[in-house]
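Visitor: Pasting a structure below so you can have a look.
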Protein chains: 2
Amino acid sequence: MAEILVVDDDPTVREVVVAYLQQAGHETTEAVDGPGAMAAAESSPDLVVLDVMLPGFDGLEVCRRLRATQPDVPIVMLSALGEEEDRIAGLGFGADDYLGKPFSPRELVLRVASLLRRSQPASVGTQTVLTDGDLVLDRSARSVTRAGTALTLTAREFDLLAFLLAHPDEPFSREQLLSEVWGWEFGDLTTVTVHVRRLREKVELEPSQPVRLVTVWGVGYRWDPS
Amino acid sequence: MAEILVVDDDPTVREVVVAYLQQAGHETTEAVDGPGAMAAAESSPDLVVLDVMLPGFDGLEVCRRLRATQPDVPIVMLSALGEEEDRIAGLGFGADDYLGKPFSPRELVLRVASLLRRSQPASVGTQTVLTDGDLVLDRSARSVTRAGTALTLTAREFDLLAFLLAHPDEPFSREQLLSEVWGWEFGDLTTVTVHVRRLREKVELEPSQPVRLVTVWGVGYRWDPS
DNA sequence: GATCCGCCTTACGTAGTCCTTACGGATCGC
DNA sequence: GCGATCCGTAAGGACTACGTAAGGCGGATC
């Protein structure tokens with residue numbers, strides 16, 4: 001789901017937080033102090049869970065420094081105090097959410113999910129409308145029209161077509177497509193084959209003799225613009 | 001982007017809020033109490049961020065008085081309590097959104113952006129009345145007619161229909177609808193499903209085979225104009 | 001032209017998604 | 001305080017889309 005950096009000097013807290021986040025489907029990396037957190041943040045995690053009290057320099061400082069290099073990464077602060085001033089201070093330093101200890105790990109997971117959902121559209125900065133000849137694909141509306149008439153694509157078919165249209169003339173192996181479109185790192189390559197076949201059925205005039213979604217022998221598939 | 005009036009007696013809160021809003025490209029003016037807020041509102045800001053607890057007279061009163069002179073300006077209320085009763089009270093007095101302290105400044109910025117986005121078409125054109133074919137929806141009167149005859153929608157059904165009519169041809173996930181229409185960040189997605197079903201019962205000629213409020217498989221729901 | 005390997009095609013079981021209905025709690029009006 | 005209405009949750013069932021397998025076709029290589 002997402003890669004999350006958990007920063008806390010207390011091994012027990014780390015353990016619990018990591019366990020819950022992993023159960024929610026996230027990948028986690030850990031750090032125990034300020035310098036460690038900055039080093040771990042090099043790998044640009046999708047979200048940071050940050051304790052206020054830390055050895056080295058504290059969480060507020062980490063927060064401030066993080067904002068300098070990665071202004072968009074969501075940060076959730078944890079504090080043993082749970083006082084109002086700490087909250088305001090934390091939020092003032094650029095944190096996106098705040099939880100006072102003791103906190104419910106379930107609540108943490110929920111807030112993390114909420115923040116991730118919000119930060120997602122900001123990171124998607126790609127073109128919303130892709131065209132090729134009489135074909136028009138709208139990513140936000142998730143609609144495709146051919147010569148003005150709407151095509152009904154399934155979710156996977158749409159994602160596949162959107163990816164190919166975004167990278168015309170470039171051949172992709174089944175492995176690459178499985179990774180880019182499906183988000184899998186391994187899996188049955190036949191899956192791609194079948195979906196390409198189904199997509200051709202809807203996009204090509206003569207599916208058995210494709211002219212747009214062509215196969216590159218020994219390599220994979222490629223989108224040929226008209 | 002927009003001119004925003006920030007009303008809070010706590011300098012720290014004002015500072016943080018103003019900093020975030022300005023970073024988001026907004027211009028800001030500030031006020032520290034009820035009378036000051038009314039005076040500052042003379043310049044007709046595009047949006048007001050309003051604390052509930054204020055010297056002079058409180059935020060609720062400001063909200064009420066503002067509504068008399070500027071019924072359309074979006075108002076976001078802040079409360080140190082974050083209690084349900086306050087929320088109800090605030091919204092009852094005419095606030096458009098509500099945030100309990102401590103709040104995430106980023107969330108505030110997001111909600112401000114959301115409200116501005118919503119209020120924009122209202123100020124540009126007469127977006128209070130939405131139509132589609134024989135369907136007419138009046139936001140101010142909260143009434144809906146189909147082919148001249150009135151439909152009796154519940155509050156939620158109306159909000160759902162209004163949102164969908166305002167964004168035709170664009171599919172929304174259950175999560176998005178829950179966020180936009182219900183104002184929840186998490187919750188049972190079945191809620192959306194059931195309300196869609198109920199709305200179809202009143203809006204579709206053949207509820208089992210919808211042609212206007214259609215489901216987009218693997219994505220969510222979409223309004224298809226006739 | 002024979003053989004091999006990659007690709008195509010079809011069919012089918014399943015998991016995931018959505019629909020439907022029913023029920024209990026909450027809210028509002030009387 | 002009582003009934004009606006609305007709302008949210010739960011459970012069961014139906015259907016779609018998906019992924020896998022298996023057999024056939026067609027280039028590629030020698």
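Residue numbering restarts at 1 for every chain of the structure tokens, chains are lettered A, B, ... in their displayed order, and ligands are numbered from 1 as they appear.
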What are the residues of chain A lining chain B at 6 Å or less? Count only C-alpha atoms, and put the answer as an NGL selection string.
Guide: :A and (92 or 96-97 or 141 or 155)
Visitor: Could you please take those selected residues and save N, CA, C and O atoms as a PDB file, in the first residue's frame?
Guide:
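Saved file selection39.pdb follows:
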```pdb
ATOM      1  N   GLY A  92       2.370  23.425  13.919  1.00  0.00           N
ATOM      2  CA  GLY A  92       3.051  24.615  13.420  1.00  0.00           C
ATOM      3  C   GLY A  92       4.345  24.264  12.717  1.00  0.00           C
ATOM      4  O   GLY A  92       4.745  24.924  11.771  1.00  0.00           O
ATOM      5  N   ASP A  96       1.116  16.996   9.929  1.00  0.00           N
ATOM      6  CA  ASP A  96      -0.221  16.975   9.348  1.00  0.00           C
ATOM      7  C   ASP A  96      -1.261  16.452  10.308  1.00  0.00           C
ATOM      8  O   ASP A  96      -2.440  16.719  10.163  1.00  0.00           O
ATOM      9  N   ASP A  97      -0.820  15.672  11.277  1.00  0.00           N
ATOM     10  CA  ASP A  97      -1.769  15.172  12.256  1.00  0.00           C
ATOM     11  C   ASP A  97      -1.029  14.900  13.547  1.00  0.00           C
ATOM     12  O   ASP A  97       0.196  14.864  13.581  1.00  0.00           O
ATOM     13  N   ALA A 141     -12.486  11.125 -15.814  1.00  0.00           N
ATOM     14  CA  ALA A 141     -13.826  10.576 -16.037  1.00  0.00           C
ATOM     15  C   ALA A 141     -13.775   9.071 -16.254  1.00  0.00           C
ATOM     16  O   ALA A 141     -14.803   8.411 -16.273  1.00  0.00           O
ATOM     17  N   ALA A 155     -12.063  -2.047 -15.560  1.00  0.00           N
ATOM     18  CA  ALA A 155     -11.072  -1.263 -14.832  1.00  0.00           C
ATOM     19  C   ALA A 155      -9.657  -1.559 -15.331  1.00  0.00           C
ATOM     20  O   ALA A 155      -8.881  -0.658 -15.632  1.00  0.00           O
TER      21      ALA A 155
END
```
Visitor: What's around range 17-23 of chain C at 10 Å? Count only C-alpha atoms (C1' of nucleotides), leave out sequence neighbours fewer than 2 positions away in its own chain, and write the answer as an MDAnalysis selection string.
Guide: (chainID B and resid 190 193:194 197 208 215 217:220) or (chainID C and resid 15 25) or (chainID D and resid 9:17)
Visitor: Please, which residues in chain C fall within 9 Å of chain A when counting only C-alpha atoms (C1' of nucleotides), and what is the closest atom pair and distance in Å to one decimal for each, ordered by chain then residue number, as a Markdown table?
Guide:
```
| residue | atom | partner | partner_atom | distance |
| --- | --- | --- | --- | --- |
| C:DG6 | C1' | A:Gly218 | CA | 7.2 |
| C:DC7 | C1' | A:Thr193 | CA | 8.3 |
| C:DC8 | C1' | A:Arg197 | CA | 8.3 |
| C:DT9 | C1' | A:Arg197 | CA | 8.7 |
```
Visitor: For the residues in the current selection, export N, CA, C and O atoms (P, O5', C5', C4', C3', O3' and C1' of nucleotides) as a PDB file, in the first residue's frame.
Guide:
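Here's the written file out.pdb:
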```
ATOM      1  P    DG C   6      10.332 -18.883 -25.608  1.00  0.00           P
ATOM      2  O5'  DG C   6       9.276 -17.885 -26.239  1.00  0.00           O
ATOM      3  C5'  DG C   6       9.656 -17.097 -27.365  1.00  0.00           C
ATOM      4  C4'  DG C   6       8.415 -16.590 -28.065  1.00  0.00           C
ATOM      5  C3'  DG C   6       7.422 -15.876 -27.140  1.00  0.00           C
ATOM      6  O3'  DG C   6       7.042 -14.659 -27.743  1.00  0.00           O
ATOM      7  C1'  DG C   6       6.317 -17.602 -28.330  1.00  0.00           C
ATOM      8  P    DC C   7       6.142 -13.639 -26.871  1.00  0.00           P
ATOM      9  O5'  DC C   7       4.721 -13.813 -27.565  1.00  0.00           O
ATOM     10  C5'  DC C   7       4.603 -13.586 -28.963  1.00  0.00           C
ATOM     11  C4'  DC C   7       3.286 -14.149 -29.449  1.00  0.00           C
ATOM     12  C3'  DC C   7       2.042 -13.562 -28.769  1.00  0.00           C
ATOM     13  O3'  DC C   7       1.281 -12.858 -29.746  1.00  0.00           O
ATOM     14  C1'  DC C   7       1.923 -15.938 -28.965  1.00  0.00           C
ATOM     15  P    DC C   8      -0.068 -12.141 -29.243  1.00  0.00           P
ATOM     16  O5'  DC C   8      -1.166 -13.225 -29.640  1.00  0.00           O
ATOM     17  C5'  DC C   8      -1.271 -13.630 -31.002  1.00  0.00           C
ATOM     18  C4'  DC C   8      -2.320 -14.714 -31.133  1.00  0.00           C
ATOM     19  C3'  DC C   8      -3.720 -14.303 -30.664  1.00  0.00           C
ATOM     20  O3'  DC C   8      -4.641 -14.514 -31.724  1.00  0.00           O
ATOM     21  C1'  DC C   8      -3.074 -16.391 -29.702  1.00  0.00           C
ATOM     22  P    DT C   9      -6.063 -13.799 -31.650  1.00  0.00           P
ATOM     23  O5'  DT C   9      -6.966 -14.933 -31.005  1.00  0.00           O
ATOM     24  C5'  DT C   9      -6.969 -16.239 -31.577  1.00  0.00           C
ATOM     25  C4'  DT C   9      -7.628 -17.222 -30.654  1.00  0.00           C
ATOM     26  C3'  DT C   9      -8.915 -16.734 -29.977  1.00  0.00           C
ATOM     27  O3'  DT C   9     -10.026 -17.364 -30.602  1.00  0.00           O
ATOM     28  C1'  DT C   9      -7.532 -18.019 -28.510  1.00  0.00           C
TER      29       DT C   9
END
```
Visitor: I'd like the contact shell of DA21 in chain D - 12 Å cut-off, only C-alpha atoms (C1' of nucleotides), skipping same-chain residues fewer than 5 positions apart - returned as a list of chain:residue names.
Guide: A:Asp188, A:Thr190, A:Thr191, C:DT10, C:DA11, C:DC12, C:DG13
Visitor: Go ahead and save the residues from that selection, with N, CA and C atoms (P, O5', C5', C4', C3', O3' and C1' of nucleotides), as a PDB file, in the first residue's frame.
Guide:
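Output below, filename result03.pdb:
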```pdb
ATOM      1  N   ASP A 188       1.602 -14.418 -13.195  1.00  0.00           N
ATOM      2  CA  ASP A 188       1.457 -15.127 -14.454  1.00  0.00           C
ATOM      3  C   ASP A 188       1.414 -14.128 -15.608  1.00  0.00           C
ATOM      4  N   THR A 190       0.616 -14.680 -18.546  1.00  0.00           N
ATOM      5  CA  THR A 190      -0.534 -14.902 -19.421  1.00  0.00           C
ATOM      6  C   THR A 190      -1.623 -13.873 -19.154  1.00  0.00           C
ATOM      7  N   THR A 191      -1.669 -13.434 -17.914  1.00  0.00           N
ATOM      8  CA  THR A 191      -2.648 -12.423 -17.537  1.00  0.00           C
ATOM      9  C   THR A 191      -2.602 -11.231 -18.491  1.00  0.00           C
TER      10      THR A 191
ATOM     11  P    DT C  10     -11.498 -16.875 -30.276  1.00  0.00           P
ATOM     12  O5'  DT C  10     -11.964 -17.927 -29.165  1.00  0.00           O
ATOM     13  C5'  DT C  10     -11.680 -19.307 -29.378  1.00  0.00           C
ATOM     14  C4'  DT C  10     -11.820 -20.081 -28.088  1.00  0.00           C
ATOM     15  C3'  DT C  10     -13.042 -19.723 -27.235  1.00  0.00           C
ATOM     16  O3'  DT C  10     -13.974 -20.799 -27.277  1.00  0.00           O
ATOM     17  C1'  DT C  10     -11.074 -20.011 -25.909  1.00  0.00           C
ATOM     18  P    DA C  11     -15.330 -20.737 -26.491  1.00  0.00           P
ATOM     19  O5'  DA C  11     -14.980 -21.446 -25.119  1.00  0.00           O
ATOM     20  C5'  DA C  11     -14.190 -22.641 -25.122  1.00  0.00           C
ATOM     21  C4'  DA C  11     -13.890 -23.066 -23.688  1.00  0.00           C
ATOM     22  C3'  DA C  11     -15.065 -22.903 -22.715  1.00  0.00           C
ATOM     23  O3'  DA C  11     -15.161 -24.055 -21.897  1.00  0.00           O
ATOM     24  C1'  DA C  11     -13.179 -21.734 -21.900  1.00  0.00           C
ATOM     25  P    DC C  12     -16.442 -24.296 -20.988  1.00  0.00           P
ATOM     26  O5'  DC C  12     -15.876 -24.086 -19.527  1.00  0.00           O
ATOM     27  C5'  DC C  12     -14.680 -24.761 -19.124  1.00  0.00           C
ATOM     28  C4'  DC C  12     -14.186 -24.173 -17.811  1.00  0.00           C
ATOM     29  C3'  DC C  12     -15.295 -23.897 -16.785  1.00  0.00           C
ATOM     30  O3'  DC C  12     -14.905 -24.417 -15.529  1.00  0.00           O
ATOM     31  C1'  DC C  12     -13.942 -22.004 -17.046  1.00  0.00           C
ATOM     32  P    DG C  13     -15.978 -24.910 -14.459  1.00  0.00           P
ATOM     33  O5'  DG C  13     -15.293 -24.476 -13.087  1.00  0.00           O
ATOM     34  C5'  DG C  13     -13.926 -24.834 -12.845  1.00  0.00           C
ATOM     35  C4'  DG C  13     -13.290 -23.817 -11.910  1.00  0.00           C
ATOM     36  C3'  DG C  13     -14.110 -23.491 -10.661  1.00  0.00           C
ATOM     37  O3'  DG C  13     -13.239 -23.508  -9.536  1.00  0.00           O
ATOM     38  C1'  DG C  13     -13.664 -21.497 -11.885  1.00  0.00           C
TER      39       DG C  13
END
```
Visitor: Using only C-alpha atoms (C1' of nucleotides), which of the listed residues (A:Ser143, A:Ser43, A:Thr154, A:Thr128) sits closest to chain D?
Guide: A:Thr154
Visitor: Quick one: pull the distance between CA of Ala2 in chain B and CA of Leu78 in chain B, Å, one decimal.
Guide: 19.5 Å
Visitor: List the spatial neighbours of DT5 in chain D as a ChimeraX atom specification - criterion: any atom at most 10 Å away, only C-alpha atoms (C1' of nucleotides), same-chain residues fewer than 2 positions off excluded.
Guide: /B:154 /C:27-29 /D:3,7
Visitor: Chain A superposed on chain B over all ordered C-alpha pairs, least squares: can you write that as a compact mmCIF listing (two decimals) with C-alpha atoms, in the first residue's frame?
Guide:
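The file below, out.txt, is the result:
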```
# COMPACT_ATOMS: atom_id res chain seq x y z
CA MET A 1 -15.35 18.72 6.11
CA ALA A 2 -14.80 22.44 5.80
CA GLU A 3 -12.09 25.02 5.33
CA ILE A 4 -11.58 27.18 8.39
CA LEU A 5 -9.53 30.34 8.76
CA VAL A 6 -7.94 30.72 12.18
CA VAL A 7 -6.80 34.24 13.10
CA ASP A 8 -4.77 34.78 16.27
CA ASP A 9 -1.44 36.42 17.00
CA ASP A 10 -0.58 33.94 19.74
CA PRO A 11 1.17 30.94 18.17
CA THR A 12 0.20 28.68 21.07
CA VAL A 13 -3.49 29.41 20.72
CA ARG A 14 -3.30 28.96 16.97
CA GLU A 15 -1.54 25.66 17.37
CA VAL A 16 -4.10 24.24 19.77
CA VAL A 17 -7.10 25.48 17.82
CA VAL A 18 -5.76 24.21 14.52
CA ALA A 19 -4.91 20.84 16.01
CA TYR A 20 -8.41 20.33 17.34
CA LEU A 21 -10.11 21.53 14.19
CA GLN A 22 -7.99 19.27 12.04
CA GLN A 23 -8.73 16.35 14.26
CA ALA A 24 -12.41 17.11 13.68
CA GLY A 25 -11.76 16.70 9.98
CA HIS A 26 -11.50 20.33 8.91
CA GLU A 27 -8.89 21.98 6.77
CA THR A 28 -7.30 25.08 8.21
CA THR A 29 -5.51 28.19 7.09
CA GLU A 30 -3.91 30.66 9.48
CA ALA A 31 -3.37 34.36 9.85
CA VAL A 32 -1.66 36.38 12.57
CA ASP A 33 -3.02 39.90 12.14
CA GLY A 34 -5.82 41.96 10.63
CA PRO A 35 -4.36 42.52 7.16
CA GLY A 36 -3.28 38.90 7.01
CA ALA A 37 -6.78 37.79 7.88
CA MET A 38 -8.32 39.87 5.10
CA ALA A 39 -5.81 38.45 2.62
CA ALA A 40 -6.47 34.88 3.73
CA ALA A 41 -10.21 35.44 3.51
CA GLU A 42 -9.82 35.93 -0.22
CA SER A 43 -9.94 32.17 -0.59
CA SER A 44 -13.47 32.30 0.88
CA PRO A 45 -13.21 29.92 3.83
CA ASP A 46 -16.32 28.19 5.15
CA LEU A 47 -15.86 29.64 8.62
CA VAL A 48 -13.59 32.08 10.46
CA VAL A 49 -12.26 31.79 14.02
CA LEU A 50 -11.21 35.29 14.99
CA ASP A 51 -9.35 36.70 17.97
CA VAL A 52 -10.45 40.14 19.16
CA MET A 53 -6.99 41.43 20.05
CA LEU A 54 -4.83 41.59 16.95
CA PRO A 55 -1.90 43.63 15.62
CA GLY A 56 -2.67 45.90 12.69
CA PHE A 57 -6.38 46.41 13.13
CA ASP A 58 -8.33 44.36 15.61
CA GLY A 59 -10.79 41.49 15.26
CA LEU A 60 -13.86 43.67 15.41
CA GLU A 61 -12.61 45.62 12.42
CA VAL A 62 -11.81 42.40 10.58
CA CYS A 63 -15.30 41.23 11.38
CA ARG A 64 -16.85 44.39 10.02
CA ARG A 65 -14.82 44.33 6.83
CA LEU A 66 -15.44 40.64 6.29
CA ARG A 67 -19.17 41.20 6.46
CA ALA A 68 -18.89 43.66 3.61
CA THR A 69 -17.38 41.14 1.23
CA GLN A 70 -18.67 37.86 2.62
CA PRO A 71 -21.90 38.46 4.51
CA ASP A 72 -22.72 34.80 4.93
CA VAL A 73 -19.54 33.27 6.30
CA PRO A 74 -19.96 32.22 9.94
CA ILE A 75 -17.58 33.96 12.36
CA VAL A 76 -16.60 32.80 15.83
CA MET A 77 -14.91 35.45 17.98
CA LEU A 78 -12.37 34.76 20.71
CA SER A 79 -11.60 37.24 23.45
CA ALA A 80 -9.10 37.30 26.28
CA LEU A 81 -11.51 39.35 28.34
CA GLY A 82 -14.70 37.39 28.16
CA GLU A 83 -16.68 40.37 29.28
CA GLU A 84 -20.29 41.00 28.52
CA GLU A 85 -19.66 44.26 26.66
CA ASP A 86 -17.14 42.58 24.41
CA ARG A 87 -19.61 39.88 23.61
CA ILE A 88 -22.37 42.25 22.67
CA ALA A 89 -19.92 44.36 20.71
CA GLY A 90 -18.58 41.35 18.86
CA LEU A 91 -22.00 40.05 18.04
CA GLY A 92 -23.04 43.55 17.04
CA PHE A 93 -20.22 43.67 14.54
CA GLY A 94 -21.59 40.60 12.84
CA ALA A 95 -20.00 37.69 14.66
CA ASP A 96 -22.12 34.58 14.94
CA ASP A 97 -20.74 33.20 18.15
CA TYR A 98 -18.45 34.19 20.92
CA LEU A 99 -16.01 32.41 23.21
CA GLY A 100 -14.13 33.98 26.12
CA LYS A 101 -10.58 32.85 26.83
CA PRO A 102 -9.67 30.60 28.35
CA PHE A 103 -12.01 28.40 26.38
CA SER A 104 -12.34 24.68 25.93
CA PRO A 105 -11.08 23.68 22.48
CA ARG A 106 -13.69 20.96 22.48
CA GLU A 107 -16.41 23.52 22.95
CA LEU A 108 -14.96 25.48 20.06
CA VAL A 109 -15.13 22.43 17.84
CA LEU A 110 -18.76 21.86 18.82
CA ARG A 111 -19.77 25.42 18.13
CA VAL A 112 -17.98 25.35 14.80
CA ALA A 113 -19.87 22.20 13.87
CA SER A 114 -23.14 23.81 14.88
CA LEU A 115 -22.53 26.91 12.82
CA LEU A 116 -21.46 24.93 9.78
CA ARG A 117 -24.56 22.81 9.97
CA ARG A 118 -26.73 25.89 10.02
CA SER A 119 -25.02 27.75 7.24
CA GLN A 120 -25.21 24.76 4.97
CA PRO A 121 -28.86 24.89 3.91
CA ALA A 122 -28.54 28.60 3.16
CA SER A 123 -25.82 27.91 0.62
CA VAL A 124 -27.83 25.22 -1.13
CA GLY A 125 -29.82 27.31 -3.51
CA THR A 126 -30.49 24.75 -6.20
CA GLN A 127 -33.68 23.38 -7.59
CA THR A 128 -35.39 20.91 -5.30
CA VAL A 129 -37.47 19.05 -7.84
CA LEU A 130 -35.91 17.70 -11.00
CA THR A 131 -37.90 15.98 -13.72
CA ASP A 132 -37.29 14.15 -16.97
CA GLY A 133 -40.20 12.52 -18.76
CA ASP A 134 -42.03 10.29 -16.33
CA LEU A 135 -39.16 10.57 -13.84
CA VAL A 136 -39.55 12.91 -10.88
CA LEU A 137 -36.81 13.49 -8.33
CA ASP A 138 -37.41 15.50 -5.14
CA ARG A 139 -34.18 16.54 -3.44
CA SER A 140 -35.74 17.59 -0.15
CA ALA A 141 -37.87 14.49 0.16
CA ARG A 142 -35.06 12.43 -1.35
CA SER A 143 -37.65 10.51 -3.30
CA VAL A 144 -37.80 9.38 -6.91
CA THR A 145 -40.87 8.25 -8.83
CA ARG A 146 -41.12 6.72 -12.27
CA ALA A 147 -44.56 7.05 -13.87
CA GLY A 148 -46.03 7.70 -10.46
CA THR A 149 -44.61 4.65 -8.70
CA ALA A 150 -41.88 5.21 -6.15
CA LEU A 151 -38.35 3.94 -6.73
CA THR A 152 -36.20 2.85 -3.80
CA LEU A 153 -32.72 4.21 -4.37
CA THR A 154 -29.80 3.99 -1.97
CA ALA A 155 -28.13 7.17 -0.79
CA ARG A 156 -25.34 7.03 -3.39
CA GLU A 157 -27.68 6.10 -6.18
CA PHE A 158 -29.87 9.05 -5.30
CA ASP A 159 -26.97 11.48 -5.22
CA LEU A 160 -25.69 10.19 -8.53
CA LEU A 161 -29.07 10.46 -10.21
CA ALA A 162 -29.65 13.91 -8.77
CA PHE A 163 -26.36 15.15 -10.14
CA LEU A 164 -26.94 13.70 -13.59
CA LEU A 165 -30.50 15.03 -13.78
CA ALA A 166 -29.21 18.46 -12.85
CA HIS A 167 -26.76 18.37 -15.75
CA PRO A 168 -28.52 16.71 -18.68
CA ASP A 169 -26.78 16.13 -22.01
CA GLU A 170 -23.40 16.77 -20.45
CA PRO A 171 -20.95 13.87 -20.33
CA PHE A 172 -18.92 13.35 -17.14
CA SER A 173 -15.81 11.29 -16.69
CA ARG A 174 -15.60 8.82 -13.84
CA GLU A 175 -13.11 11.13 -12.18
CA GLN A 176 -15.56 14.01 -12.30
CA LEU A 177 -18.39 11.93 -10.92
CA LEU A 178 -16.16 10.62 -8.17
CA SER A 179 -15.33 14.19 -7.30
CA GLU A 180 -18.81 15.71 -7.63
CA VAL A 181 -20.96 12.94 -6.21
CA TRP A 182 -18.60 11.11 -3.89
CA GLY A 183 -16.53 14.10 -2.88
CA TRP A 184 -13.32 12.18 -3.49
CA GLU A 185 -10.33 13.49 -5.34
CA PHE A 186 -8.93 10.06 -6.00
CA GLY A 187 -10.26 6.55 -5.73
CA ASP A 188 -11.14 3.45 -7.64
CA LEU A 189 -13.00 4.42 -10.79
CA THR A 190 -14.72 1.04 -10.82
CA THR A 191 -16.83 2.36 -8.00
CA VAL A 192 -18.57 4.67 -10.43
CA THR A 193 -19.04 1.92 -12.97
CA VAL A 194 -20.76 -0.35 -10.51
CA HIS A 195 -23.04 2.34 -9.19
CA VAL A 196 -24.01 3.35 -12.69
CA ARG A 197 -24.86 -0.26 -13.35
CA ARG A 198 -27.01 -0.43 -10.21
CA LEU A 199 -28.73 2.82 -11.03
CA ARG A 200 -29.51 1.60 -14.53
CA GLU A 201 -31.12 -1.45 -13.01
CA LYS A 202 -33.67 0.84 -11.37
CA VAL A 203 -34.00 3.66 -13.86
CA GLU A 204 -33.78 1.99 -17.24
CA LEU A 205 -36.48 -0.20 -18.72
CA GLU A 206 -33.80 -2.35 -20.35
CA PRO A 207 -30.66 -1.97 -18.18
CA SER A 208 -28.45 -3.75 -20.70
CA GLN A 209 -29.45 -1.27 -23.40
CA PRO A 210 -29.62 2.07 -21.62
CA VAL A 211 -31.34 5.01 -23.28
CA ARG A 212 -31.18 7.55 -20.46
CA LEU A 213 -27.99 6.88 -18.54
CA VAL A 214 -25.81 6.23 -21.56
CA THR A 215 -22.07 5.60 -21.75
CA VAL A 216 -19.96 7.92 -23.84
CA TRP A 217 -17.13 5.75 -25.05
CA GLY A 218 -13.73 6.89 -23.93
CA VAL A 219 -15.25 9.70 -21.93
CA GLY A 220 -17.69 8.56 -19.28
CA TYR A 221 -21.44 8.80 -18.80
CA ARG A 222 -24.20 11.17 -19.81
CA TRP A 223 -27.87 11.66 -19.03
CA ASP A 224 -30.07 11.79 -22.12
CA PRO A 225 -33.45 13.37 -21.44
CA SER A 226 -36.38 11.79 -23.18
```
Visitor: Which of range 133-209 of chain A end up as alpha helix (DSSP H) when DSSP is run on this backbone - answer as a ChimeraX atom specification?
Guide: /A:155-166,174-177,190-203
Visitor: Counting only C-alpha atoms (C1' of nucleotides), a student should be able to say which residues of chain D come within 9 Å of chain A; what is the right answer, written as number ranges by chain?
Guide: D: 17-20, 27
Visitor: Can you list every residue in range 188-221 of chain A that DSSP puts in strand (DSSP E or B), as a VMD selection string?
Guide: chain A and resid 213 to 216 220 to 221
Visitor: So the first atom is C1' of DA22 in chain D and the second is C1' of DA2 in chain C; what is the distance between them in Å, to one decimal place?
Guide: 23.9 Å
Visitor: Quick one: distance from C1' of DA28 in chain D to C1' of DG1 in chain C in Å, one decimal?
Guide: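 Distance between the two atoms: 13.0 Å.
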